[in-house]
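Visitor: Have a look at the structure that comes next, please.
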Number of protein chains: 2
Amino acid sequence: MNLKQLAQHLGLSPTTVSRALGGYPEVSEATRERVLQAARRFSYSPNARASQLATGRAMAIGHVIPVSTRHEIVNPVFADFIAGAGETYLKAGYEMLLSIVADDDVPRIYRELKSRGSVDGIILHGPRAKDGRIALLAEIGLPFVVHGRATGADTPYSWLDVNNTRAFARATEFLLDLGHRRIALVNGLEFMDFAIRRRDGFLSALAARGIATDPALMASDEMTETRGHAAASAMLAHREPPTAFLVSSMISAVGVRRAIEDRGLKMGRDVSVIIHDDELSYMKNGEDVPIFTATRSSVREAGRQVAEMLIAQIDAPGSAPQSRLFEAELIIGRSTGPAPRP
Amino acid sequence: MNLKQLAQHLGLSPTTVSRALGGYPEVSEATRERVLQAARRFSYSPNARASQLATGRAMAIGHVIPVSTRHEIVNPVFADFIAGAGETYLKAGYEMLLSIVADDDVPRIYRELKSRGSVDGIILHGPRAKDGRIALLAEIGLPFVVHGRATGADTPYSWLDVNNTRAFARATEFLLDLGHRRIALVNGLEFMDFAIRRRDGFLSALAARGIATDPALMASDEMTETRGHAAASAMLAHREPPTAFLVSSMISAVGVRRAIEDRGLKMGRDVSVIIHDDELSYMKNGEDVPIFTATRSSVREAGRQVAEMLIAQIDAPGSAPQSRLFEAELIIGRSTGPAPRP
DNA sequence: AATCATTTCCAAACCGCTTTGGATTGCACC
DNA sequence: GGTGCAATCCAAAGCGGTTTGGAAATGATT
């Protein structure tokens, strides 16, 4: 059933039917009601391709996920972020287009999405320091919002981020207050913007108390269980091992905990751990008392709001870039305690 | 730049340009080359909406992810499955449309995807016993492939699944061979098809050796860390605790391990654990020696192949349903050992 | 009753591509 | 030179909507 057939059935012109369904004021309430009922009865919905062609709007948002061929790691927070964004899209009538793309192909894909008219805007995931994608999207003229930020990007742009610096500074201070002096940082890949900010927060908190930093206690790597385990194992084998860990992700922290237990130590007593908790739905930080002391911020909520920001931007082209900064909560769990006496 | 403009620039008709780009034989090689060069120079790509409208094919595959409002759990294997499917789509020139949808809305969304012409086919995720979605999609006339199977579905349909029954039977036998007699099953939600099959494999292996089953040692729940922890904790507190666990997911197993260690026990010595390992990229089962003994099958490869099957089906409408059954490997890791003497 | 503003509807153009059904040209062949 | 055939190219008709620019009907006003 298409517009023409529906119109014919009603004895109306396609124009009128289209307007009735579109909520335009040029049709009487009586005929609008008739049209709506018929549409419902035949479960008619307008062909998306046709209306997109006619209006020039794709009613779709692109999520381009770069996958480097070497690592092949799918970002574990991605699923929850998408779930949040998906809620917003459903409400707003947008579709979500997902492209998993090799790093090098990203520019080409961006251009294609634009010239093929497949999407009205793009969500930029996993920004890096001086991320070239921002200038690229600005040049192409595709609306976008960054989940995170990119230190050193020249062009102004819209973003939503967690205050990573503050979160990790607070977490570090909390550990210092508990008497810890050898604090390790198990961070994400060093070129990721969030990792840079977390390290800055960590370092500035240490510096504020005059604590020297030890490069041997700072790791940057993919945030997987095995990499977390490897980093923590190496540090714990150090002749002056850390008494506390600051870990950038719940997933890595599982590996850190495994490393701690491998050595017969007990988390929360012998070694303290603070993580950043994205509130992953399949990896909740405990059900009542948190397993880990954590800086917490919902990535799902971030997904919802990033999507809202992008839609607002698409609806009001030419508007000034917006930004939102989430403050992470510091929640106390069972993984931290006073530094053990030497 | 659109077709007409490009054609005008070349002094050709849109028809010829379209055919040159489409690889049709009705144009001379010389003009084809000219057209291709011009297209490249202006980085022209045809408007997707327009060609989809003209051809009647969306060149897109829908992934509809049902989210029950109560649980709000995003399936953790989903990200890797998608990554695999995405590879196939990229090669075949398809786009991936993702809809996160409340359980109840699934039928409506299916119908809309069909009537709006948004997709050419659908991947069905997380099938349940007697899953109504299969009959629904058949009725609607939307090509689909199921990732998994649905016991008790009447209509024939295409699917790709792991041999869950066999995998869990083998794992159970392996534990029995090690002398374990009190074996617990920490499974997924009981209405999920894969969970049913895994339980069947588990039960039949026990029955084959004449081992009685204890309902207290069988849990079915969401496959999250916290639920895994809760189930294992309860079982370990039993007056006759299990000496071995069979766990349906790597994520739950993290919780099971935590429960074991909470009680001061050591995995692999005091308690054995076998998991099903989907080879999640962010949760690898160790880097050299596996952490867990496991039944292993790559969900990413499943994603690749399910997508291939669906595209093949779309290309050859009316062809008979296809199916593929993956056999899981049984790989030995550090989490299993002989049953401790009582 | 004539005038005019509103209300309600419609014909037709358009979005950018694909594809059908020729038209034209070039060439070999008798 | 006329015929037949293949090789090239093109005009125009869709695909299924939206939107512009009226036209017709209705009602209010004088």
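Here's how to read the names in the structure tokens: chain A, B, ... by the order shown, residue numbers from 1 in each chain, ligand numbers from 1 in the order shown.
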Within 8 Å of chain C, which residues of chain A are there when counting only C-alpha atoms (C1' of nucleotides)? Please give them as a PyMOL selection string.
Guide: chain A and resi 13+15-16+26-28+53-56
Visitor: Kindly save the residues from that selection, with C-alpha atoms included, as a compact mmCIF listing (two decimals), in the first residue's frame.
Guide:
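For reference, again20.txt as written:
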```
# COMPACT_ATOMS: atom_id res chain seq x y z
CA SER A 13 -5.56 13.29 -3.86
CA THR A 15 -1.48 15.75 -1.73
CA THR A 16 -4.29 15.85 0.75
CA GLU A 26 -4.69 22.74 5.24
CA VAL A 27 -7.01 19.79 5.75
CA SER A 28 -10.21 19.68 7.74
CA LEU A 53 14.47 11.85 -1.40
CA ALA A 54 11.72 14.42 -1.48
CA THR A 55 12.68 16.21 1.71
CA GLY A 56 16.41 15.86 1.36
```
Visitor: Only residues of chain A matter here; which ones have an atom within 12 Å of chain D, counting only C-alpha atoms (C1' of nucleotides)? Give them as a list in words.
Guide: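 Listing them in order of chain and number gives Met1, Asn2, Leu3, Lys4, Gln5, Pro14, Thr15, Thr16, Val17, Ser18, Arg19, Leu21, Gly22, Tyr24, Ser45, Pro46, Asn47, Ala48, Arg49, Ala50, Ser51, Gln52, Leu53, Ala54, Thr55, Gly56 and Arg57 of chain A.
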Visitor: Excluding A:Gln322 and residues on its chain fewer than 4 positions from it, collect all residues at most 9 Å away from it, counting only C-alpha atoms (C1' of nucleotides), and give them as number ranges by chain.
Guide: A: 145, 157-160, 309, 313
Visitor: Interatomic distance between atom CA of A:Lys130 and atom CA of A:Ala231?
Guide: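 Computing it gives 26.6 Å between the two atoms.
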Visitor: Counting only C-alpha atoms, which residues of chain B fall within 6 Å of chain A, and what is the closest atom pair for each with its distance in Å at one decimal, ordered by chain and rising number, as JSON lines?
Guide:
```
{"residue": "B:Ser45", "atom": "CA", "partner": "A:Arg116", "partner_atom": "CA", "distance": 5.8}
{"residue": "B:Pro46", "atom": "CA", "partner": "A:Arg116", "partner_atom": "CA", "distance": 5.7}
{"residue": "B:Asn47", "atom": "CA", "partner": "A:Arg116", "partner_atom": "CA", "distance": 4.1}
{"residue": "B:Ala48", "atom": "CA", "partner": "A:Arg116", "partner_atom": "CA", "distance": 4.9}
{"residue": "B:Arg49", "atom": "CA", "partner": "A:Arg49", "partner_atom": "CA", "distance": 5.3}
{"residue": "B:Leu53", "atom": "CA", "partner": "A:Arg49", "partner_atom": "CA", "distance": 5.8}
{"residue": "B:Ile73", "atom": "CA", "partner": "A:Ser281", "partner_atom": "CA", "distance": 5.1}
{"residue": "B:Ala79", "atom": "CA", "partner": "A:Ala79", "partner_atom": "CA", "distance": 5.9}
{"residue": "B:Gly86", "atom": "CA", "partner": "A:Ile100", "partner_atom": "CA", "distance": 5.4}
{"residue": "B:Met96", "atom": "CA", "partner": "A:Leu98", "partner_atom": "CA", "distance": 5.4}
{"residue": "B:Leu97", "atom": "CA", "partner": "A:Leu97", "partner_atom": "CA", "distance": 4.8}
{"residue": "B:Leu98", "atom": "CA", "partner": "A:Met96", "partner_atom": "CA", "distance": 5.4}
{"residue": "B:Ile100", "atom": "CA", "partner": "A:Gly86", "partner_atom": "CA", "distance": 5.4}
{"residue": "B:Arg116", "atom": "CA", "partner": "A:Asn47", "partner_atom": "CA", "distance": 4.1}
{"residue": "B:Gly117", "atom": "CA", "partner": "A:Asn47", "partner_atom": "CA", "distance": 5.8}
{"residue": "B:Thr224", "atom": "CA", "partner": "A:Tyr282", "partner_atom": "CA", "distance": 4.7}
{"residue": "B:Glu225", "atom": "CA", "partner": "A:Met283", "partner_atom": "CA", "distance": 5.5}
{"residue": "B:Thr226", "atom": "CA", "partner": "A:Gly286", "partner_atom": "CA", "distance": 5.9}
{"residue": "B:Ser281", "atom": "CA", "partner": "A:Ile73", "partner_atom": "CA", "distance": 5.1}
{"residue": "B:Tyr282", "atom": "CA", "partner": "A:Thr224", "partner_atom": "CA", "distance": 4.7}
{"residue": "B:Met283", "atom": "CA", "partner": "A:Glu225", "partner_atom": "CA", "distance": 5.5}
{"residue": "B:Gly286", "atom": "CA", "partner": "A:Thr226", "partner_atom": "CA", "distance": 5.9}
```
Visitor: If you run DSSP on this backbone, which residues of stretch 18-128 of chain A come out as alpha helix (DSSP H), and could you give them as number ranges by chain?
Guide: A: 18-22, 29-41, 48-55, 78-92, 106-115
Visitor: Export N, CA and C atoms of the chosen residues as a short mmCIF file (atom, residue, chain, number, x, y, z; two decimals), in the first residue's frame?
Guide:
```
data_model
loop_
_atom_site.label_atom_id
_atom_site.label_comp_id
_atom_site.auth_asym_id
_atom_site.auth_seq_id
_atom_site.Cartn_x
_atom_site.Cartn_y
_atom_site.Cartn_z
N SER A 18 -1.15 13.16 2.08
CA SER A 18 0.16 13.46 2.63
C SER A 18 0.07 14.53 3.70
N ARG A 19 -0.72 15.56 3.41
CA ARG A 19 -0.85 16.66 4.37
C ARG A 19 -1.61 16.24 5.61
N ALA A 20 -2.58 15.40 5.42
CA ALA A 20 -3.35 14.94 6.58
C ALA A 20 -2.42 14.17 7.52
N LEU A 21 -1.62 13.31 6.93
CA LEU A 21 -0.73 12.49 7.75
C LEU A 21 0.39 13.33 8.34
N GLY A 22 0.80 14.34 7.59
CA GLY A 22 1.90 15.16 8.06
C GLY A 22 1.48 16.20 9.09
N GLU A 29 -10.41 18.76 9.92
CA GLU A 29 -10.23 17.72 10.94
C GLU A 29 -10.99 16.45 10.57
N ALA A 30 -12.11 16.62 9.93
CA ALA A 30 -12.92 15.46 9.56
C ALA A 30 -12.15 14.55 8.60
N THR A 31 -11.62 15.14 7.52
CA THR A 31 -10.90 14.29 6.55
C THR A 31 -9.61 13.77 7.15
N ARG A 32 -8.96 14.58 7.99
CA ARG A 32 -7.73 14.09 8.63
C ARG A 32 -8.04 12.82 9.40
N GLU A 33 -9.13 12.84 10.11
CA GLU A 33 -9.49 11.68 10.91
C GLU A 33 -9.75 10.47 9.99
N ARG A 34 -10.46 10.72 8.91
CA ARG A 34 -10.73 9.65 7.95
C ARG A 34 -9.42 9.06 7.43
N VAL A 35 -8.50 9.95 7.07
CA VAL A 35 -7.22 9.50 6.51
C VAL A 35 -6.44 8.70 7.54
N LEU A 36 -6.39 9.22 8.76
CA LEU A 36 -5.63 8.53 9.79
C LEU A 36 -6.18 7.14 10.04
N GLN A 37 -7.51 7.05 10.06
CA GLN A 37 -8.10 5.73 10.29
C GLN A 37 -7.77 4.76 9.18
N ALA A 38 -7.89 5.22 7.95
CA ALA A 38 -7.58 4.34 6.82
C ALA A 38 -6.11 3.92 6.87
N ALA A 39 -5.25 4.88 7.18
CA ALA A 39 -3.82 4.58 7.25
C ALA A 39 -3.56 3.50 8.29
N ARG A 40 -4.24 3.64 9.41
CA ARG A 40 -4.05 2.65 10.47
C ARG A 40 -4.58 1.30 10.02
N ARG A 41 -5.73 1.33 9.38
CA ARG A 41 -6.36 0.06 8.99
C ARG A 41 -5.49 -0.72 8.02
N ALA A 48 10.17 5.23 3.32
CA ALA A 48 11.20 6.09 3.89
C ALA A 48 12.09 6.68 2.81
N ARG A 49 12.46 5.85 1.82
CA ARG A 49 13.38 6.31 0.77
C ARG A 49 12.76 7.47 -0.01
N ALA A 50 11.50 7.30 -0.32
CA ALA A 50 10.84 8.32 -1.13
C ALA A 50 10.75 9.64 -0.38
N SER A 51 10.35 9.58 0.88
CA SER A 51 10.20 10.84 1.60
C SER A 51 11.57 11.47 1.86
N GLN A 52 12.57 10.61 2.06
CA GLN A 52 13.90 11.15 2.25
C GLN A 52 14.39 11.84 0.99
N LEU A 53 14.06 11.24 -0.14
CA LEU A 53 14.47 11.85 -1.40
C LEU A 53 13.77 13.18 -1.60
N ALA A 54 12.49 13.20 -1.26
CA ALA A 54 11.72 14.42 -1.48
C ALA A 54 12.12 15.53 -0.51
N THR A 55 12.37 15.17 0.73
CA THR A 55 12.68 16.21 1.71
C THR A 55 14.16 16.54 1.77
N PHE A 78 30.86 0.71 24.07
CA PHE A 78 30.13 1.07 22.88
C PHE A 78 28.67 0.58 22.90
N ALA A 79 28.49 -0.67 23.33
CA ALA A 79 27.15 -1.24 23.31
C ALA A 79 26.18 -0.43 24.16
N ASP A 80 26.62 -0.01 25.33
CA ASP A 80 25.72 0.74 26.19
C ASP A 80 25.50 2.16 25.67
N PHE A 81 26.53 2.74 25.10
CA PHE A 81 26.37 4.07 24.53
C PHE A 81 25.31 4.04 23.43
N ILE A 82 25.43 3.07 22.57
CA ILE A 82 24.49 2.88 21.48
C ILE A 82 23.06 2.68 21.99
N ALA A 83 22.95 1.93 23.06
CA ALA A 83 21.63 1.68 23.62
C ALA A 83 21.00 3.00 24.05
N GLY A 84 21.80 3.86 24.65
CA GLY A 84 21.29 5.16 25.07
C GLY A 84 20.90 6.01 23.88
N ALA A 85 21.78 6.08 22.91
CA ALA A 85 21.50 6.88 21.71
C ALA A 85 20.24 6.34 21.02
N GLY A 86 20.13 5.02 20.98
CA GLY A 86 19.00 4.39 20.33
C GLY A 86 17.67 4.82 20.92
N GLU A 87 17.63 5.00 22.22
CA GLU A 87 16.40 5.47 22.87
C GLU A 87 15.98 6.83 22.31
N THR A 88 16.96 7.70 22.21
CA THR A 88 16.67 9.04 21.69
C THR A 88 16.20 8.97 20.24
N TYR A 89 16.86 8.17 19.44
CA TYR A 89 16.49 8.07 18.03
C TYR A 89 15.08 7.57 17.87
N LEU A 90 14.73 6.59 18.68
CA LEU A 90 13.40 6.01 18.59
C LEU A 90 12.35 7.09 18.84
N LYS A 91 12.57 7.88 19.87
CA LYS A 91 11.63 8.95 20.21
C LYS A 91 11.54 9.97 19.08
N ALA A 92 12.69 10.30 18.50
CA ALA A 92 12.73 11.39 17.53
C ALA A 92 12.46 10.92 16.11
N VAL A 106 38.22 5.74 7.27
CA VAL A 106 37.26 6.66 7.89
C VAL A 106 36.98 7.90 7.04
N PRO A 107 38.01 8.59 6.56
CA PRO A 107 37.72 9.79 5.75
C PRO A 107 36.85 9.47 4.53
N ARG A 108 37.18 8.40 3.85
CA ARG A 108 36.39 8.03 2.68
C ARG A 108 34.94 7.76 3.06
N ILE A 109 34.75 7.05 4.13
CA ILE A 109 33.39 6.72 4.56
C ILE A 109 32.62 7.99 4.93
N TYR A 110 33.27 8.90 5.62
CA TYR A 110 32.61 10.17 5.95
C TYR A 110 32.12 10.86 4.68
N ARG A 111 33.01 10.95 3.72
CA ARG A 111 32.63 11.64 2.48
C ARG A 111 31.49 10.92 1.77
N GLU A 112 31.55 9.62 1.78
CA GLU A 112 30.48 8.87 1.13
C GLU A 112 29.15 9.06 1.83
N LEU A 113 29.19 9.00 3.16
CA LEU A 113 27.94 9.19 3.90
C LEU A 113 27.32 10.53 3.54
N LYS A 114 28.18 11.52 3.37
CA LYS A 114 27.69 12.85 3.00
C LYS A 114 27.16 12.86 1.57
N SER A 115 27.99 12.42 0.62
CA SER A 115 27.59 12.59 -0.78
C SER A 115 26.49 11.62 -1.17
#
```
Visitor: Report as an mmCIF file with N, CA and C atoms, in the first residue's frame all protein, DNA and RNA residues lying within 8 Å of B:Asn187, evaluated on only C-alpha atoms (C1' of nucleotides), omitting residues in the same chain fewer than 2 positions from it.
Guide:
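Output file out_20.cif follows:
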```
data_model
loop_
_atom_site.group_PDB
_atom_site.id
_atom_site.type_symbol
_atom_site.label_atom_id
_atom_site.label_comp_id
_atom_site.auth_asym_id
_atom_site.auth_seq_id
_atom_site.Cartn_x
_atom_site.Cartn_y
_atom_site.Cartn_z
ATOM 1 N N LEU B 185 25.509 -25.629 37.230
ATOM 2 C CA LEU B 185 25.313 -24.963 35.943
ATOM 3 C C LEU B 185 24.849 -23.533 36.186
ATOM 4 N N LEU B 189 19.271 -16.880 30.892
ATOM 5 C CA LEU B 189 17.831 -16.880 31.180
ATOM 6 C C LEU B 189 17.154 -18.110 30.587
ATOM 7 N N GLU B 190 16.258 -18.704 31.355
ATOM 8 C CA GLU B 190 15.781 -20.049 31.000
ATOM 9 C C GLU B 190 14.980 -20.107 29.723
ATOM 10 N N ALA B 195 20.223 -21.362 26.139
ATOM 11 C CA ALA B 195 20.289 -21.821 27.527
ATOM 12 C C ALA B 195 19.615 -23.182 27.665
ATOM 13 N N ARG B 198 21.950 -25.792 26.205
ATOM 14 C CA ARG B 198 23.106 -26.046 27.074
ATOM 15 C C ARG B 198 22.693 -26.880 28.274
ATOM 16 N N ARG B 199 21.546 -26.577 28.813
ATOM 17 C CA ARG B 199 21.066 -27.361 29.947
ATOM 18 C C ARG B 199 20.823 -28.806 29.518
ATOM 19 N N MET B 218 21.529 -25.543 39.830
ATOM 20 C CA MET B 218 21.240 -25.021 38.499
ATOM 21 C C MET B 218 20.626 -23.633 38.588
ATOM 22 N N ALA B 219 21.311 -22.678 38.028
ATOM 23 C CA ALA B 219 20.811 -21.306 38.043
ATOM 24 C C ALA B 219 20.592 -20.819 36.617
ATOM 25 N N SER B 220 19.558 -20.019 36.454
ATOM 26 C CA SER B 220 19.282 -19.393 35.156
ATOM 27 C C SER B 220 19.045 -17.921 35.399
ATOM 28 N N ASP B 221 19.826 -17.117 34.784
ATOM 29 C CA ASP B 221 19.658 -15.687 35.031
ATOM 30 C C ASP B 221 20.357 -14.894 33.932
ATOM 31 N N MET B 223 23.074 -12.886 32.123
ATOM 32 C CA MET B 223 24.498 -13.221 32.161
ATOM 33 C C MET B 223 25.364 -11.998 32.449
ATOM 34 N N LEU B 246 29.854 -24.992 35.537
ATOM 35 C CA LEU B 246 29.758 -24.836 34.100
ATOM 36 C C LEU B 246 29.047 -23.495 33.901
ATOM 37 N N VAL B 247 29.709 -22.560 33.232
ATOM 38 C CA VAL B 247 29.182 -21.195 33.178
ATOM 39 C C VAL B 247 28.961 -20.770 31.732
ATOM 40 N N SER B 248 27.799 -20.209 31.462
ATOM 41 C CA SER B 248 27.398 -19.932 30.082
ATOM 42 C C SER B 248 28.078 -18.733 29.452
ATOM 43 N N SER B 249 28.749 -17.922 30.233
ATOM 44 C CA SER B 249 29.383 -16.763 29.615
ATOM 45 C C SER B 249 30.608 -16.301 30.386
#
```
Visitor: So that I can see what lies close to A:Ala216, please list as a list in words the residues with an atom at most 12 Å from it, counting only C-alpha atoms (C1' of nucleotides) and leaving out residues fewer than 5 positions away in the same chain.
Guide: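 In the requested format, the answer is Arg182, Ile183, Ala184, Leu185, Val186, Ala231, Ala232, Ser233, Ala234, Met235, Leu236, Ala237, His238, Arg239, Glu240, Pro241 and Pro242 of chain A.
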Visitor: Let me see the file: selected residues, C-alpha atoms, as a tab-separated table (two decimals), in the first residue's frame.
Guide:
```tsv
chain	number	residue	atom	x	y	z
A	182	ARG	CA	52.79	4.30	45.65
A	183	ILE	CA	49.80	4.69	43.38
A	184	ALA	CA	49.69	3.08	39.95
A	185	LEU	CA	47.72	4.21	36.92
A	186	VAL	CA	46.39	1.59	34.53
A	231	ALA	CA	50.06	-4.31	33.47
A	232	ALA	CA	49.14	-4.96	37.10
A	233	SER	CA	51.19	-8.16	37.23
A	234	ALA	CA	54.29	-6.35	36.07
A	235	MET	CA	53.80	-3.56	38.59
A	236	LEU	CA	53.15	-5.89	41.49
A	237	ALA	CA	56.35	-7.72	40.64
A	238	HIS	CA	58.23	-4.43	41.03
A	239	ARG	CA	60.57	-4.29	44.01
A	240	GLU	CA	58.55	-1.41	45.36
A	241	PRO	CA	55.06	-2.45	44.30
A	242	PRO	CA	52.12	-0.05	44.37
```
